[in-house]
$ cat query_1.cif   # mmCIF, C-alpha atoms and all ligand atoms; chains and numbers go by the auth columns
data_input
loop_
_atom_site.group_PDB
_atom_site.id
_atom_site.type_symbol
_atom_site.label_atom_id
_atom_site.label_comp_id
_atom_site.label_asym_id
_atom_site.label_seq_id
_atom_site.Cartn_x
_atom_site.Cartn_y
_atom_site.Cartn_z
_atom_site.B_iso_or_equiv
_atom_site.auth_seq_id
_atom_site.auth_asym_id
ATOM 1 C CA MET A 1 -3.786 10.379 -0.951 0.00 1 Q
ATOM 2 C CA ASP A 2 -5.237 10.241 2.586 0.00 2 Q
ATOM 3 C CA GLU A 3 -1.985 8.875 4.031 0.00 3 Q
ATOM 4 C CA ALA A 4 0.372 10.973 1.836 0.00 4 Q
ATOM 5 C CA GLY A 5 2.055 7.707 1.006 0.00 5 Q
ATOM 6 C CA PHE A 6 4.103 8.880 -1.938 0.00 6 Q
ATOM 7 C CA GLN A 7 6.439 11.819 -2.349 0.00 7 Q
ATOM 8 C CA CYS A 8 7.450 12.088 -6.025 0.00 8 Q
ATOM 9 C CA GLY A 9 5.083 9.311 -7.140 0.00 9 Q
ATOM 10 C CA PHE A 10 7.564 7.618 -9.481 0.00 10 Q
ATOM 11 C CA CYS A 11 7.079 4.284 -7.732 0.00 11 Q
ATOM 12 C CA ALA A 12 3.322 4.657 -7.245 0.00 12 Q
ATOM 13 C CA PRO A 13 2.144 2.609 -10.266 0.00 13 Q
ATOM 14 C CA GLY A 14 4.061 -0.487 -9.192 0.00 14 Q
ATOM 15 C CA PHE A 15 3.011 -0.222 -5.571 0.00 15 Q
ATOM 16 C CA ILE A 16 -0.615 0.383 -6.515 0.00 16 Q
ATOM 17 C CA MET A 17 -0.660 -2.621 -8.884 0.00 17 Q
ATOM 18 C CA SER A 18 0.780 -4.759 -6.086 0.00 18 Q
ATOM 19 C CA MET A 19 -1.777 -3.369 -3.617 0.00 19 Q
ATOM 20 C CA VAL A 20 -4.671 -4.176 -5.950 0.00 20 Q
ATOM 21 C CA ALA A 21 -3.360 -7.726 -6.500 0.00 21 Q
ATOM 22 C CA MET A 22 -2.882 -8.206 -2.759 0.00 22 Q
ATOM 23 C CA LEU A 23 -6.344 -6.903 -1.873 0.00 23 Q
ATOM 24 C CA SER A 24 -8.050 -9.004 -4.546 0.00 24 Q
ATOM 25 C CA LYS A 25 -6.680 -12.093 -2.798 0.00 25 Q
ATOM 26 C CA ASN A 26 -6.745 -10.858 0.798 0.00 26 Q
ATOM 27 C CA PRO A 27 -8.941 -7.849 1.658 0.00 27 Q
ATOM 28 C CA ALA A 28 -7.951 -8.005 5.323 0.00 28 Q
ATOM 29 C CA PRO A 29 -4.152 -8.323 5.360 0.00 29 Q
ATOM 30 C CA THR A 30 -2.057 -7.870 8.440 0.00 30 Q
ATOM 31 C CA ARG A 31 0.603 -5.151 8.196 0.00 31 Q
ATOM 32 C CA GLU A 32 3.215 -7.889 7.847 0.00 32 Q
ATOM 33 C CA GLU A 33 1.291 -9.572 5.003 0.00 33 Q
ATOM 34 C CA ALA A 34 0.942 -6.236 3.228 0.00 34 Q
ATOM 35 C CA ALA A 35 4.656 -5.534 3.644 0.00 35 Q
ATOM 36 C CA HIS A 36 5.472 -8.912 2.135 0.00 36 Q
ATOM 37 C CA ALA A 37 3.069 -8.353 -0.782 0.00 37 Q
ATOM 38 C CA LEU A 38 4.657 -4.983 -1.577 0.00 38 Q
ATOM 39 C CA SER A 39 8.245 -6.086 -1.016 0.00 39 Q
ATOM 40 C CA GLY A 40 9.024 -6.411 -4.736 0.00 40 Q
ATOM 41 C CA ASN A 41 8.747 -2.661 -5.219 0.00 41 Q
ATOM 42 C CA VAL A 42 11.399 -0.030 -4.637 0.00 42 Q
ATOM 43 C CA CYS A 43 10.838 3.594 -3.644 0.00 43 Q
ATOM 44 C CA ARG A 44 13.779 5.940 -4.100 0.00 44 Q
ATOM 45 C CA CYS A 45 12.155 8.455 -1.748 0.00 45 Q
ATOM 46 C CA GLY A 46 12.118 5.669 0.768 0.00 46 Q
ATOM 47 C CA ASP A 47 9.227 6.286 3.153 0.00 47 Q
ATOM 48 C CA TYR A 48 8.021 2.707 3.207 0.00 48 Q
ATOM 49 C CA ASN A 49 6.038 3.175 6.411 0.00 49 Q
ATOM 50 C CA LYS A 50 3.813 5.770 4.742 0.00 50 Q
ATOM 51 C CA ILE A 51 3.341 3.536 1.711 0.00 51 Q
ATOM 52 C CA LEU A 52 2.399 0.686 4.023 0.00 52 Q
ATOM 53 C CA ASP A 53 -0.009 3.016 5.858 0.00 53 Q
ATOM 54 C CA SER A 54 -1.580 3.715 2.454 0.00 54 Q
ATOM 55 C CA ALA A 55 -1.921 -0.001 1.737 0.00 55 Q
ATOM 56 C CA MET A 56 -3.643 -0.580 5.055 0.00 56 Q
ATOM 57 C CA ARG A 57 -5.984 2.365 4.411 0.00 57 Q
ATOM 58 C CA ALA A 58 -6.763 0.925 0.947 0.00 58 Q
ATOM 59 C CA ALA A 59 -7.652 -2.363 2.625 0.00 59 Q
ATOM 60 C CA GLU A 60 -10.083 -0.499 4.897 0.00 60 Q
ATOM 61 C CA TYR A 61 -11.732 1.083 1.850 0.00 61 Q
ATOM 62 C CA VAL A 62 -11.995 -2.296 0.077 0.00 62 Q
ATOM 63 C CA ARG A 63 -13.801 -3.784 3.090 0.00 63 Q
ATOM 64 C CA GLN A 64 -16.348 -0.968 3.267 0.00 64 Q
ATOM 65 C CA PRO A 65 -19.721 -1.786 1.714 0.00 65 Q
ATOM 66 C CA GLY A 66 -20.837 0.113 -1.392 0.00 66 Q
HETATM 67 S S1 LIG B . 7.646 8.299 -3.819 0.00 1 O
HETATM 68 FE FE1 LIG B . 9.375 8.809 -4.964 0.00 1 O
HETATM 69 S S2 LIG B . 10.126 6.902 -5.664 0.00 1 O
HETATM 70 FE FE2 LIG B . 8.525 6.395 -4.337 0.00 1 O
#
$ encode --input "query_1.cif" --output "structure tokens"
Amino acid sequence: MDEAGFQCGFCAPGFIMSMVAMLSKNPAPTREEAAHALSGNVCRCGDYNKILDSAMRAAEYVRQPG
């Protein structure tokens, strides 16, 4: 939501599941690692940079205490 990563949201469930799986294994991914982890998903709206921004923001949230 903070990064406006999705437009129509059709692809959001798959990306979010991949983000959760990635962050459970690696809470501090590089942008390249995050891109690789999300690479199995397709977005027909196609703004992959915003989705990747969202993944990196999610990683920041995961690392915050409490
Ligand atoms: S935001 Fe529309 S398919 Fe991804």
$ closest_atom_pairs --input "query_1.cif" --of "chain Q" --to "ligand LIG 1 (chain O)" --cutoff "9 Å" --atoms "all atoms listed in the file" --output "Markdown table"
| residue | atom | partner | partner_atom | distance |
| --- | --- | --- | --- | --- |
| Q:Gly5 | CA | O:LIG1 | S1 | 7.4 |
| Q:Phe6 | CA | O:LIG1 | S1 | 4.1 |
| Q:Gln7 | CA | O:LIG1 | S1 | 4.0 |
| Q:Cys8 | CA | O:LIG1 | FE1 | 3.9 |
| Q:Gly9 | CA | O:LIG1 | S1 | 4.3 |
| Q:Phe10 | CA | O:LIG1 | S2 | 4.7 |
| Q:Cys11 | CA | O:LIG1 | FE2 | 4.3 |
| Q:Ala12 | CA | O:LIG1 | FE2 | 6.2 |
| Q:Phe15 | CA | O:LIG1 | FE2 | 8.7 |
| Q:Val42 | CA | O:LIG1 | FE2 | 7.0 |
| Q:Cys43 | CA | O:LIG1 | FE2 | 3.7 |
| Q:Arg44 | CA | O:LIG1 | S2 | 4.1 |
| Q:Cys45 | CA | O:LIG1 | FE1 | 4.3 |
| Q:Gly46 | CA | O:LIG1 | FE2 | 6.3 |
| Q:Asp47 | CA | O:LIG1 | S1 | 7.4 |
| Q:Tyr48 | CA | O:LIG1 | FE2 | 8.4 |
| Q:Ile51 | CA | O:LIG1 | FE2 | 8.5 |
$ atom_distance --input "query_1.cif" --atom1 "CA of Pro65 (chain Q)" --atom2 "CA of Asn41 (chain Q)"
29.3 Å
$ atom_distance --input "query_1.cif" --atom1 "CA of Ala37 (chain Q)" --atom2 "CA of Gly14 (chain Q)"
11.6 Å
$ resolve_selection --input "query_1.cif" --expression "the PyMOL selection byres (((chain Q and resi 57) around 12) and not hetatm)" --output "PyMOL selection string"
chain Q and resi 1-5+19+23+27-31+34+50-56+58-64
